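Trainee: Take a look at the following structure, please.
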Amino acid sequence: MTKIAWTYDMVEPMWYLYVSVVKARDLPTMDITGALDPYVEVKLGNFKGVTRHLVKNPNPVWRQTFAFSRDHLQSNQLEVVVKAHKDVLCDDLVGRVLFDIAGVPSRLPRDSPPVAPQWYCLSDAHGNKLRHGEIMLAVWDGSQADESFPEACHSDAHSLRSQTSTRPRVYYSPKLNYLKVSIIEAQDLQPKKKKKGQPLAPTIAKIQMGSQVRRTRPQGSSNPKWNEEFMLVASEPFEDPLVVTVVEDRGRDDDPVGRVIIPVATPYVPRNDLAKPVPSKWFYLAREMTLDKAAADVTTGVKNKESSKTFASKIHLRMSLETAYHVLDESTHYSSDLQPAANKLRKSAIGILEVGILSARNLAAGVKNPYCVAKYGAKWVRTRTLLNDTAAPQWNEQCIWEVFDLSTVITVAVLDNLHISSHGDAKDDQRIGKVRVRLATLELDRTYTHYHPLMVLSPSGLKKTGELQLAVRFTCTAWADMLAQYGRPLLPKMHYTNPISVLQLDYLRFQAMQMVATRLSRAEPPLRREVVEYMLDVDSHMFSLRRSKANFYRITLIFSGADAVVGNWLDGICQWKNPLTTILVHLLVLILICYPELILPTVLLYLFMIGAWNYRRRERKPQHMDTVLSDAHPDELDEEFDTFPTSKPGDIVRMRYDRLRSIAGRVQTVVGDLATQGERAQSLLSWRDPRATAIFITLSLFAAIVLYVTPFQVVATFAGFYLLRHPRLRSKQPSMPFNFYKRLPAKGDTLL
């Protein structure tokens, strides 16, 4: 694998004057009390940056950096002023330092080390040098590629109290794992309040971890056998313990029989990286015990003495962290990560993805503080918030990701930061629009710089809110691994050898989304829940009449196109519209009848010629959100923006309406999958994925040559024996042609 140096060359350079205020020493006192509460003001024309106040400190340390845009400079002189804060009405001047910005050195951060700060003597208001007092500063010209850019206080945000919410940040999703819990059986269950002659009610084992709750089927015995298996989502570090409670099923009022609390980060919950059998274990059930005491019983393996005399119930469990799976927190149609959770099962990177978030234009009215969020894999990148920049904001920030699979999608969203101007009112950041780019549609080492339309859905209909300019480039570092991926399964092999049901997978995906949103909202500054849910499409599984119509339109478009091509061609042959073509087709039919072994190589050669012919008509830029597919009438959007359960009046209407939406959601998924299969077949020769089309037509050419020189009887015998091979010779994993077909791009990622 070759290493590629990252160059900040996909965005326009934006130059800033950086001022790093490090510390001061031996500052003179300003009054007879000797009090000195120093702070620094950095002035450049009408722009001013202020450091924090340090109380009674003659040798303060600030370590703050300020950035002034070169495009908005209003003065040729930089003034750094040290002041002593005596009270709210008066600020005493301690000293100052003046710089001529024409003599400030320039720095290219990728080619040179940081600028070393220097000590400067302070002067009074008349320019006279003070006997005491020095300040350590560093002043230089740099671009947005400078290492100080993310942490610098920008000139447009100096007036804000909390500047951290406007700075660029990088976030990482928590590491998620599937926790498999098998409830096998229990022994010697005793009711909590046992009356004479009253038998034990049917018992249920309830599993809870955080907000995830699962229940077994009721069993009517003091020694129930459930033998049920459940999957939960656990995030590292494991904060929530696993709580297993056995209750008596008495309708609404469940009487607890006992419970056991198991911390996930214990040897009783091993990591199962290789899908090996995990041993089970018996656990004592505690009654009326705190979490700490019950967890201590599990950790030490000793039953608590307080309950050992009267209570001896046990439960048989098998638990493991199934790290060979990939925890889905996005839709599989436009997922950005397909790697297993176990680090040792992950493949090496095949390349790097560079994305430059350049600018936006024609944003909707009312947008005041726009910023962008880009997500690929576990890495989230948030640009700086541009304050009061509504017409044509320019970010010019470049991001980089490692790429492990080409069949992935990067998502970039534009939002309006409403928390800056909310004045304490809790408001969600406004959605402006988002863009998805599938990596498989990108050519190698080519920079795509285009404007992508931004659209949002509202109850009133589809609204275009502006355009986002992106620069995207994919660089391959492992050619062999990249081409070999087209024959591998899309997901880790554990998903095929031990598949998870569709209903359970949807439940786990929703829980994973909630965990990611909760964890990122706890960062500082937070990436808010509404932003994460918007990026992950948390409501994509819900029924939508608009999406159903769009998927149906995709299917009809495929079949109508194929019918038009084949029908018109046959009609032209039968009607002798082109006599020469008709005669050649008749001769071809006669040749194929006389020599049937030429049928398959002729078809493959024809496919190669079609793919080669379509190469010059391939798409030159990544696809964007399709307004035709995504459009809808306002009356159709009423149910899409309705709550679930519905808020419509009437109990009967609510029940029928919810049931209809649940069933129709599954139908919508099936229709979408059918449309995806047809679009993948179309992409074989359309050069939307240039590597896949090149592989396909190359294999078609080689297959045509081999079949020309190989007797047809040999090929037919080999194909028949291969299709009828013994089950022991078959693999549970999909075949290479099937894996290749599953990786072909479709239009699902262009559907809003």
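Convention: chains lettered A, B, ... in structure tokens order; per-chain residue numbering from 1; ligands numbered from 1 as shown.
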Which of stretch 367-553 of chain A end up as helix (DSSP H, G or I) when DSSP is run on this backbone - answer as a compact mmCIF listing (two decimals) with all heavy atoms, in the first residue's frame?

Mentor:
```
# COMPACT_ATOMS: atom_id res chain seq x y z
N LEU A 439 -19.17 6.79 -3.99
CA LEU A 439 -17.77 6.74 -4.36
C LEU A 439 -17.54 5.90 -5.61
O LEU A 439 -16.58 6.13 -6.36
CB LEU A 439 -16.94 6.18 -3.20
CG LEU A 439 -16.40 7.21 -2.20
CD1 LEU A 439 -17.53 7.96 -1.50
CD2 LEU A 439 -15.50 6.54 -1.19
N ALA A 440 -18.37 4.89 -5.84
CA ALA A 440 -18.18 4.02 -6.99
C ALA A 440 -18.37 4.76 -8.31
O ALA A 440 -17.92 4.27 -9.36
CB ALA A 440 -19.13 2.83 -6.92
N THR A 441 -19.05 5.89 -8.29
CA THR A 441 -19.28 6.64 -9.52
C THR A 441 -18.15 7.61 -9.85
O THR A 441 -18.22 8.31 -10.86
CB THR A 441 -20.59 7.43 -9.41
OG1 THR A 441 -20.49 8.37 -8.32
CG2 THR A 441 -21.76 6.50 -9.13
N TRP A 479 -4.71 -0.99 -5.85
CA TRP A 479 -5.48 -1.37 -7.03
C TRP A 479 -6.04 -2.78 -6.92
O TRP A 479 -7.21 -3.03 -7.22
CB TRP A 479 -4.60 -1.24 -8.27
CG TRP A 479 -4.73 0.08 -8.96
CD1 TRP A 479 -4.08 1.24 -8.65
CD2 TRP A 479 -5.60 0.40 -10.06
NE1 TRP A 479 -4.46 2.25 -9.49
CE2 TRP A 479 -5.40 1.77 -10.37
CE3 TRP A 479 -6.50 -0.33 -10.80
CZ2 TRP A 479 -6.08 2.40 -11.38
CZ3 TRP A 479 -7.19 0.30 -11.82
CH2 TRP A 479 -6.97 1.66 -12.11
N ALA A 480 -5.20 -3.72 -6.53
CA ALA A 480 -5.62 -5.12 -6.49
C ALA A 480 -6.77 -5.31 -5.50
O ALA A 480 -7.76 -5.99 -5.80
CB ALA A 480 -4.44 -6.02 -6.14
N ASP A 481 -6.66 -4.72 -4.32
CA ASP A 481 -7.71 -4.86 -3.31
C ASP A 481 -9.00 -4.19 -3.78
O ASP A 481 -10.10 -4.68 -3.51
CB ASP A 481 -7.27 -4.24 -1.99
CG ASP A 481 -6.14 -5.04 -1.35
OD1 ASP A 481 -5.97 -6.22 -1.72
OD2 ASP A 481 -5.42 -4.47 -0.50
N MET A 482 -8.88 -3.07 -4.47
CA MET A 482 -10.07 -2.37 -4.94
C MET A 482 -10.83 -3.21 -5.96
O MET A 482 -12.06 -3.34 -5.88
CB MET A 482 -9.66 -1.03 -5.56
CG MET A 482 -10.82 -0.22 -6.10
SD MET A 482 -10.30 1.26 -7.00
CE MET A 482 -9.45 0.53 -8.40
N LEU A 483 -10.12 -3.79 -6.92
CA LEU A 483 -10.79 -4.61 -7.94
C LEU A 483 -11.32 -5.91 -7.34
O LEU A 483 -12.36 -6.42 -7.77
CB LEU A 483 -9.83 -4.90 -9.09
CG LEU A 483 -9.34 -3.67 -9.87
CD1 LEU A 483 -8.38 -4.10 -10.98
CD2 LEU A 483 -10.51 -2.89 -10.46
N ALA A 484 -10.61 -6.47 -6.34
CA ALA A 484 -11.07 -7.72 -5.72
C ALA A 484 -12.34 -7.51 -4.92
O ALA A 484 -13.09 -8.49 -4.69
CB ALA A 484 -9.97 -8.29 -4.83
N GLN A 485 -12.64 -6.30 -4.49
CA GLN A 485 -13.84 -6.06 -3.71
C GLN A 485 -15.11 -6.33 -4.49
O GLN A 485 -16.14 -6.65 -3.89
CB GLN A 485 -13.85 -4.61 -3.20
CG GLN A 485 -13.02 -4.39 -1.96
CD GLN A 485 -13.24 -3.01 -1.38
OE1 GLN A 485 -13.85 -2.14 -2.01
NE2 GLN A 485 -12.75 -2.80 -0.18
N TYR A 486 -15.05 -6.21 -5.80
CA TYR A 486 -16.26 -6.42 -6.60
C TYR A 486 -16.72 -7.87 -6.58
O TYR A 486 -17.85 -8.16 -6.98
CB TYR A 486 -16.03 -5.97 -8.04
CG TYR A 486 -16.05 -4.46 -8.19
CD1 TYR A 486 -14.88 -3.73 -8.13
CD2 TYR A 486 -17.24 -3.79 -8.37
CE1 TYR A 486 -14.89 -2.35 -8.26
CE2 TYR A 486 -17.27 -2.41 -8.50
CZ TYR A 486 -16.09 -1.69 -8.45
OH TYR A 486 -16.12 -0.33 -8.56
N GLY A 487 -15.87 -8.79 -6.12
CA GLY A 487 -16.28 -10.18 -5.98
C GLY A 487 -16.54 -10.61 -4.57
O GLY A 487 -16.85 -11.78 -4.32
N MET A 494 -20.46 -12.77 8.40
CA MET A 494 -21.34 -13.16 9.50
C MET A 494 -22.79 -12.85 9.18
O MET A 494 -23.71 -13.53 9.66
CB MET A 494 -20.91 -12.44 10.79
CG MET A 494 -21.52 -12.99 12.05
SD MET A 494 -20.89 -14.62 12.43
CE MET A 494 -21.63 -14.86 14.06
N HIS A 495 -23.05 -11.82 8.38
CA HIS A 495 -24.42 -11.47 8.01
C HIS A 495 -25.05 -12.52 7.10
O HIS A 495 -26.28 -12.54 6.96
CB HIS A 495 -24.43 -10.11 7.30
CG HIS A 495 -24.19 -8.95 8.22
ND1 HIS A 495 -25.20 -8.23 8.79
CD2 HIS A 495 -23.04 -8.40 8.69
CE1 HIS A 495 -24.70 -7.27 9.55
NE2 HIS A 495 -23.38 -7.35 9.50
N TYR A 496 -24.24 -13.37 6.48
CA TYR A 496 -24.76 -14.38 5.57
C TYR A 496 -24.75 -15.77 6.21
O TYR A 496 -25.65 -16.57 5.97
CB TYR A 496 -23.93 -14.39 4.28
CG TYR A 496 -23.87 -13.04 3.62
CD1 TYR A 496 -22.75 -12.22 3.76
CD2 TYR A 496 -24.93 -12.57 2.85
CE1 TYR A 496 -22.69 -10.97 3.17
CE2 TYR A 496 -24.87 -11.32 2.25
CZ TYR A 496 -23.75 -10.52 2.41
OH TYR A 496 -23.71 -9.29 1.82
N THR A 497 -23.73 -16.07 7.03
CA THR A 497 -23.70 -17.38 7.69
C THR A 497 -24.68 -17.44 8.86
O THR A 497 -25.27 -18.50 9.12
CB THR A 497 -22.28 -17.67 8.20
OG1 THR A 497 -21.85 -16.61 9.06
CG2 THR A 497 -21.32 -17.78 7.02
N VAL A 502 -35.14 -9.43 9.15
CA VAL A 502 -35.35 -8.06 8.67
C VAL A 502 -35.98 -7.19 9.75
O VAL A 502 -35.56 -6.04 9.98
CB VAL A 502 -36.22 -8.08 7.40
CG1 VAL A 502 -36.53 -6.65 6.95
CG2 VAL A 502 -35.53 -8.84 6.29
N LEU A 503 -36.98 -7.73 10.45
CA LEU A 503 -37.63 -6.94 11.50
C LEU A 503 -36.66 -6.61 12.63
O LEU A 503 -36.64 -5.49 13.14
CB LEU A 503 -38.84 -7.71 12.04
CG LEU A 503 -40.01 -7.89 11.07
CD1 LEU A 503 -41.12 -8.70 11.73
CD2 LEU A 503 -40.56 -6.54 10.62
N GLN A 504 -35.85 -7.60 13.03
CA GLN A 504 -34.89 -7.35 14.09
C GLN A 504 -33.81 -6.38 13.64
O GLN A 504 -33.34 -5.55 14.42
CB GLN A 504 -34.27 -8.67 14.54
CG GLN A 504 -33.50 -8.57 15.85
CD GLN A 504 -33.04 -9.92 16.35
OE1 GLN A 504 -32.97 -10.88 15.61
NE2 GLN A 504 -32.72 -10.01 17.63
N LEU A 505 -33.42 -6.45 12.37
CA LEU A 505 -32.40 -5.55 11.86
C LEU A 505 -32.90 -4.10 11.84
O LEU A 505 -32.15 -3.17 12.15
CB LEU A 505 -31.98 -5.99 10.46
CG LEU A 505 -30.61 -5.52 9.96
CD1 LEU A 505 -29.51 -6.03 10.87
CD2 LEU A 505 -30.38 -6.00 8.54
N ASP A 506 -34.18 -3.91 11.51
CA ASP A 506 -34.74 -2.56 11.55
C ASP A 506 -34.77 -2.02 12.97
O ASP A 506 -34.48 -0.83 13.21
CB ASP A 506 -36.16 -2.57 10.97
CG ASP A 506 -36.16 -2.76 9.47
OD1 ASP A 506 -35.11 -2.51 8.84
OD2 ASP A 506 -37.19 -3.18 8.92
N TYR A 507 -35.11 -2.88 13.93
CA TYR A 507 -35.12 -2.45 15.33
C TYR A 507 -33.71 -2.07 15.79
O TYR A 507 -33.50 -1.04 16.45
CB TYR A 507 -35.69 -3.57 16.20
CG TYR A 507 -35.55 -3.33 17.68
CD1 TYR A 507 -36.46 -2.53 18.36
CD2 TYR A 507 -34.52 -3.92 18.41
CE1 TYR A 507 -36.33 -2.31 19.73
CE2 TYR A 507 -34.38 -3.71 19.77
CZ TYR A 507 -35.29 -2.90 20.43
OH TYR A 507 -35.16 -2.69 21.78
N LEU A 508 -32.73 -2.90 15.44
CA LEU A 508 -31.35 -2.62 15.84
C LEU A 508 -30.81 -1.37 15.17
O LEU A 508 -30.05 -0.60 15.77
CB LEU A 508 -30.46 -3.82 15.51
CG LEU A 508 -30.76 -5.12 16.27
CD1 LEU A 508 -29.91 -6.26 15.74
CD2 LEU A 508 -30.53 -4.93 17.76
N ARG A 509 -31.18 -1.14 13.92
CA ARG A 509 -30.72 0.06 13.23
C ARG A 509 -31.27 1.32 13.91
O ARG A 509 -30.55 2.31 14.09
CB ARG A 509 -31.15 0.03 11.77
CG ARG A 509 -30.65 1.25 10.98
CD ARG A 509 -31.22 1.30 9.58
NE ARG A 509 -30.77 0.19 8.78
CZ ARG A 509 -31.55 -0.77 8.31
NH1 ARG A 509 -32.86 -0.73 8.58
NH2 ARG A 509 -31.08 -1.75 7.58
N PHE A 510 -32.53 1.28 14.31
CA PHE A 510 -33.11 2.44 14.99
C PHE A 510 -32.42 2.68 16.33
O PHE A 510 -32.11 3.83 16.68
CB PHE A 510 -34.61 2.21 15.20
CG PHE A 510 -35.30 3.33 15.94
CD1 PHE A 510 -35.62 4.51 15.29
CD2 PHE A 510 -35.61 3.20 17.28
CE1 PHE A 510 -36.25 5.55 15.97
CE2 PHE A 510 -36.24 4.23 17.97
CZ PHE A 510 -36.55 5.40 17.31
N GLN A 511 -32.13 1.62 17.08
CA GLN A 511 -31.44 1.79 18.36
C GLN A 511 -30.02 2.32 18.15
O GLN A 511 -29.54 3.15 18.94
CB GLN A 511 -31.39 0.45 19.11
CG GLN A 511 -32.75 -0.08 19.52
CD GLN A 511 -33.46 0.83 20.51
OE1 GLN A 511 -32.83 1.56 21.26
NE2 GLN A 511 -34.78 0.79 20.49
N ALA A 512 -29.34 1.85 17.10
CA ALA A 512 -28.00 2.35 16.82
C ALA A 512 -28.02 3.83 16.47
O ALA A 512 -27.15 4.60 16.89
CB ALA A 512 -27.37 1.53 15.69
N MET A 513 -29.02 4.25 15.69
CA MET A 513 -29.14 5.66 15.36
C MET A 513 -29.33 6.51 16.61
O MET A 513 -28.72 7.58 16.77
CB MET A 513 -30.31 5.88 14.40
CG MET A 513 -30.10 5.34 13.00
SD MET A 513 -31.58 5.62 11.99
CE MET A 513 -31.02 4.95 10.41
N GLN A 514 -30.16 6.04 17.53
CA GLN A 514 -30.40 6.79 18.75
C GLN A 514 -29.14 6.88 19.61
O GLN A 514 -28.87 7.91 20.23
CB GLN A 514 -31.54 6.13 19.55
CG GLN A 514 -32.88 6.15 18.83
CD GLN A 514 -33.35 7.55 18.49
OE1 GLN A 514 -33.27 8.46 19.31
NE2 GLN A 514 -33.85 7.74 17.28
N MET A 515 -28.36 5.81 19.65
CA MET A 515 -27.12 5.83 20.42
C MET A 515 -26.12 6.82 19.84
O MET A 515 -25.45 7.57 20.57
CB MET A 515 -26.51 4.43 20.48
CG MET A 515 -27.21 3.49 21.40
SD MET A 515 -26.30 1.95 21.59
CE MET A 515 -27.31 1.14 22.82
N VAL A 516 -25.98 6.83 18.52
CA VAL A 516 -25.06 7.77 17.88
C VAL A 516 -25.51 9.21 18.13
O VAL A 516 -24.69 10.08 18.46
CB VAL A 516 -24.98 7.48 16.38
CG1 VAL A 516 -24.16 8.55 15.67
CG2 VAL A 516 -24.35 6.11 16.14
N ALA A 517 -26.81 9.47 18.01
CA ALA A 517 -27.32 10.82 18.24
C ALA A 517 -27.11 11.25 19.69
O ALA A 517 -26.72 12.40 19.96
CB ALA A 517 -28.79 10.89 17.87
N THR A 518 -27.32 10.33 20.63
CA THR A 518 -27.14 10.67 22.05
C THR A 518 -25.68 10.95 22.37
O THR A 518 -25.35 11.92 23.07
CB THR A 518 -27.67 9.54 22.93
OG1 THR A 518 -29.06 9.32 22.64
CG2 THR A 518 -27.52 9.87 24.40
N ARG A 519 -24.78 10.11 21.85
CA ARG A 519 -23.37 10.28 22.17
C ARG A 519 -22.81 11.57 21.56
O ARG A 519 -22.05 12.30 22.22
CB ARG A 519 -22.58 9.07 21.67
CG ARG A 519 -21.12 9.08 22.05
CD ARG A 519 -20.93 8.98 23.56
NE ARG A 519 -21.44 7.72 24.08
CZ ARG A 519 -20.76 6.59 24.12
NH1 ARG A 519 -19.51 6.57 23.69
NH2 ARG A 519 -21.29 5.50 24.63
N LEU A 520 -23.16 11.88 20.31
CA LEU A 520 -22.63 13.09 19.68
C LEU A 520 -23.23 14.36 20.28
O LEU A 520 -22.60 15.42 20.26
CB LEU A 520 -22.88 13.05 18.17
CG LEU A 520 -22.14 11.94 17.40
CD1 LEU A 520 -22.45 12.03 15.92
CD2 LEU A 520 -20.64 12.04 17.63
N SER A 521 -24.44 14.27 20.81
CA SER A 521 -25.04 15.44 21.46
C SER A 521 -24.39 15.74 22.80
O SER A 521 -24.62 16.81 23.36
CB SER A 521 -26.55 15.22 21.64
OG SER A 521 -26.80 14.14 22.52
N ARG A 529 -28.89 16.54 18.22
CA ARG A 529 -29.64 15.34 17.84
C ARG A 529 -30.36 15.52 16.51
O ARG A 529 -30.37 14.62 15.68
CB ARG A 529 -30.64 14.99 18.94
CG ARG A 529 -31.55 13.82 18.62
CD ARG A 529 -32.43 13.48 19.78
NE ARG A 529 -31.66 12.90 20.87
CZ ARG A 529 -31.41 11.60 20.96
NH1 ARG A 529 -31.85 10.75 20.05
NH2 ARG A 529 -30.71 11.14 21.99
N GLU A 530 -30.96 16.68 16.28
CA GLU A 530 -31.71 16.87 15.04
C GLU A 530 -30.79 16.82 13.82
O GLU A 530 -31.19 16.40 12.74
CB GLU A 530 -32.49 18.18 15.07
CG GLU A 530 -31.65 19.44 15.07
CD GLU A 530 -31.29 19.93 16.46
OE1 GLU A 530 -31.48 19.15 17.42
OE2 GLU A 530 -30.83 21.08 16.59
N VAL A 531 -29.53 17.25 14.01
CA VAL A 531 -28.57 17.19 12.90
C VAL A 531 -28.19 15.75 12.60
O VAL A 531 -28.14 15.33 11.44
CB VAL A 531 -27.33 18.04 13.25
CG1 VAL A 531 -26.30 17.96 12.13
CG2 VAL A 531 -27.72 19.48 13.50
N VAL A 532 -27.90 14.97 13.65
CA VAL A 532 -27.52 13.57 13.45
C VAL A 532 -28.67 12.78 12.84
O VAL A 532 -28.46 11.98 11.91
CB VAL A 532 -27.08 12.96 14.79
CG1 VAL A 532 -26.72 11.49 14.62
CG2 VAL A 532 -25.89 13.72 15.36
N GLU A 533 -29.88 12.99 13.32
CA GLU A 533 -31.02 12.26 12.77
C GLU A 533 -31.28 12.65 11.32
O GLU A 533 -31.69 11.81 10.51
CB GLU A 533 -32.26 12.54 13.62
CG GLU A 533 -32.18 11.93 15.02
CD GLU A 533 -33.42 12.21 15.84
OE1 GLU A 533 -34.26 13.04 15.39
OE2 GLU A 533 -33.59 11.61 16.91
N TYR A 534 -31.03 13.89 10.97
CA TYR A 534 -31.19 14.32 9.58
C TYR A 534 -30.15 13.66 8.68
O TYR A 534 -30.45 13.22 7.57
CB TYR A 534 -31.08 15.83 9.51
CG TYR A 534 -31.20 16.41 8.12
CD1 TYR A 534 -32.25 16.06 7.28
CD2 TYR A 534 -30.26 17.33 7.64
CE1 TYR A 534 -32.37 16.61 6.02
CE2 TYR A 534 -30.37 17.89 6.38
CZ TYR A 534 -31.43 17.51 5.57
OH TYR A 534 -31.53 18.04 4.32
N MET A 535 -28.91 13.55 9.16
CA MET A 535 -27.85 12.93 8.37
C MET A 535 -28.08 11.43 8.20
O MET A 535 -27.78 10.85 7.15
CB MET A 535 -26.50 13.17 9.03
CG MET A 535 -26.08 14.63 9.12
SD MET A 535 -25.56 15.30 7.53
CE MET A 535 -24.03 14.42 7.29
N LEU A 536 -28.61 10.78 9.24
CA LEU A 536 -28.80 9.33 9.21
C LEU A 536 -30.15 8.92 8.65
O LEU A 536 -30.41 7.72 8.53
CB LEU A 536 -28.63 8.76 10.62
CG LEU A 536 -27.25 8.91 11.27
CD1 LEU A 536 -27.26 8.31 12.67
CD2 LEU A 536 -26.17 8.27 10.43
N LEU A 545 -46.12 7.83 0.92
CA LEU A 545 -46.76 7.69 -0.39
C LEU A 545 -45.89 8.28 -1.49
O LEU A 545 -45.84 7.77 -2.62
CB LEU A 545 -48.13 8.37 -0.37
CG LEU A 545 -48.97 8.28 -1.65
CD1 LEU A 545 -49.26 6.82 -2.00
CD2 LEU A 545 -50.26 9.07 -1.50
N ARG A 546 -45.16 9.33 -1.17
CA ARG A 546 -44.28 9.96 -2.16
C ARG A 546 -43.17 8.99 -2.57
O ARG A 546 -42.90 8.83 -3.76
CB ARG A 546 -43.68 11.23 -1.55
CG ARG A 546 -42.65 11.93 -2.42
CD ARG A 546 -42.03 13.09 -1.66
NE ARG A 546 -41.34 12.64 -0.48
CZ ARG A 546 -40.07 12.22 -0.47
NH1 ARG A 546 -39.38 12.20 -1.59
NH2 ARG A 546 -39.50 11.83 0.65
N ARG A 547 -42.52 8.32 -1.59
CA ARG A 547 -41.46 7.38 -1.92
C ARG A 547 -42.02 6.17 -2.67
O ARG A 547 -41.36 5.63 -3.57
CB ARG A 547 -40.75 6.92 -0.65
CG ARG A 547 -39.95 8.00 0.04
CD ARG A 547 -38.98 7.37 1.04
NE ARG A 547 -38.37 8.36 1.91
CZ ARG A 547 -38.75 8.64 3.14
NH1 ARG A 547 -39.77 7.98 3.66
NH2 ARG A 547 -38.14 9.55 3.87
N SER A 548 -43.20 5.72 -2.29
CA SER A 548 -43.81 4.57 -2.98
C SER A 548 -44.07 4.90 -4.45
O SER A 548 -43.79 4.08 -5.34
CB SER A 548 -45.11 4.17 -2.28
OG SER A 548 -44.87 3.81 -0.94
N LYS A 549 -44.59 6.06 -4.71
CA LYS A 549 -44.81 6.46 -6.10
C LYS A 549 -43.49 6.61 -6.85
O LYS A 549 -43.40 6.26 -8.04
CB LYS A 549 -45.60 7.77 -6.14
CG LYS A 549 -47.04 7.66 -5.67
CD LYS A 549 -47.75 9.00 -5.70
CE LYS A 549 -47.82 9.55 -7.09
NZ LYS A 549 -48.56 10.82 -7.15
N ALA A 550 -42.47 7.13 -6.18
CA ALA A 550 -41.17 7.28 -6.83
C ALA A 550 -40.58 5.92 -7.18
O ALA A 550 -40.03 5.73 -8.27
CB ALA A 550 -40.23 8.06 -5.93
N ASN A 551 -40.67 4.94 -6.27
CA ASN A 551 -40.15 3.60 -6.56
C ASN A 551 -40.93 2.92 -7.68
O ASN A 551 -40.35 2.23 -8.53
CB ASN A 551 -40.20 2.74 -5.29
CG ASN A 551 -39.22 3.21 -4.24
OD1 ASN A 551 -38.17 3.77 -4.56
ND2 ASN A 551 -39.54 2.99 -2.98
N PHE A 552 -42.25 3.12 -7.68
CA PHE A 552 -43.05 2.57 -8.78
C PHE A 552 -42.67 3.22 -10.11
O PHE A 552 -42.59 2.55 -11.15
CB PHE A 552 -44.54 2.78 -8.49
CG PHE A 552 -45.44 2.23 -9.56
CD1 PHE A 552 -45.67 0.87 -9.66
CD2 PHE A 552 -46.06 3.07 -10.46
CE1 PHE A 552 -46.49 0.35 -10.63
CE2 PHE A 552 -46.89 2.57 -11.45
CZ PHE A 552 -47.11 1.20 -11.54
N TYR A 553 -42.39 4.51 -10.07
CA TYR A 553 -41.97 5.21 -11.29
C TYR A 553 -40.62 4.68 -11.77
O TYR A 553 -40.38 4.56 -12.98
CB TYR A 553 -41.90 6.72 -11.01
CG TYR A 553 -41.35 7.52 -12.17
CD1 TYR A 553 -42.13 7.77 -13.31
CD2 TYR A 553 -40.07 8.05 -12.12
CE1 TYR A 553 -41.63 8.51 -14.36
CE2 TYR A 553 -39.56 8.79 -13.17
CZ TYR A 553 -40.34 9.02 -14.28
OH TYR A 553 -39.84 9.74 -15.32
```

Trainee: With distances taken over only C-alpha atoms, which of A:Ala138, A:Val260, A:Leu78, A:Ala201 is nearest to A:Ser221?

Mentor: A:Ala201

Trainee: Can you tell me, as a ChimeraX atom specification, what residues are no more than 9 Å from A:Gln713 when counting only C-alpha atoms, ignoring any on the same chain fewer than 4 positions away?

Mentor: /A:597,717-718

Trainee: Using the selection just defined, write its residues with all heavy atoms as an mmCIF file, in the first residue's frame.

Mentor:
```cif
data_model
loop_
_atom_site.group_PDB
_atom_site.id
_atom_site.type_symbol
_atom_site.label_atom_id
_atom_site.label_comp_id
_atom_site.auth_asym_id
_atom_site.auth_seq_id
_atom_site.Cartn_x
_atom_site.Cartn_y
_atom_site.Cartn_z
ATOM 1 N N GLU A 597 -23.262 -23.102 -31.037
ATOM 2 C CA GLU A 597 -22.224 -22.777 -30.064
ATOM 3 C C GLU A 597 -21.777 -21.318 -30.162
ATOM 4 O O GLU A 597 -21.053 -20.825 -29.296
ATOM 5 C CB GLU A 597 -21.019 -23.694 -30.247
ATOM 6 C CG GLU A 597 -20.307 -23.569 -31.583
ATOM 7 C CD GLU A 597 -20.903 -24.486 -32.658
ATOM 8 O OE1 GLU A 597 -22.014 -25.022 -32.414
ATOM 9 O OE2 GLU A 597 -20.273 -24.664 -33.705
ATOM 10 N N THR A 717 -21.537 -28.955 -20.580
ATOM 11 C CA THR A 717 -21.339 -29.986 -19.550
ATOM 12 C C THR A 717 -20.809 -29.371 -18.260
ATOM 13 O O THR A 717 -21.278 -29.686 -17.158
ATOM 14 C CB THR A 717 -20.366 -31.056 -20.065
ATOM 15 O OG1 THR A 717 -20.879 -31.609 -21.290
ATOM 16 C CG2 THR A 717 -20.193 -32.155 -19.037
ATOM 17 N N PHE A 718 -19.823 -28.511 -18.379
ATOM 18 C CA PHE A 718 -19.257 -27.861 -17.187
ATOM 19 C C PHE A 718 -20.316 -27.019 -16.469
ATOM 20 O O PHE A 718 -20.418 -27.053 -15.231
ATOM 21 C CB PHE A 718 -18.077 -26.982 -17.600
ATOM 22 C CG PHE A 718 -17.452 -26.253 -16.454
ATOM 23 C CD1 PHE A 718 -16.543 -26.872 -15.624
ATOM 24 C CD2 PHE A 718 -17.802 -24.925 -16.194
ATOM 25 C CE1 PHE A 718 -15.977 -26.199 -14.557
ATOM 26 C CE2 PHE A 718 -17.241 -24.241 -15.136
ATOM 27 C CZ PHE A 718 -16.328 -24.881 -14.312
#
```

Trainee: Go through A:Asn614, A:Gln77, A:Ser700, A:Gln144 one by one, measure the shortest atom-to-atom distance of each to A:Arg107 using only C-alpha atoms, and give the residue with the smallest value.

Mentor: A:Gln144
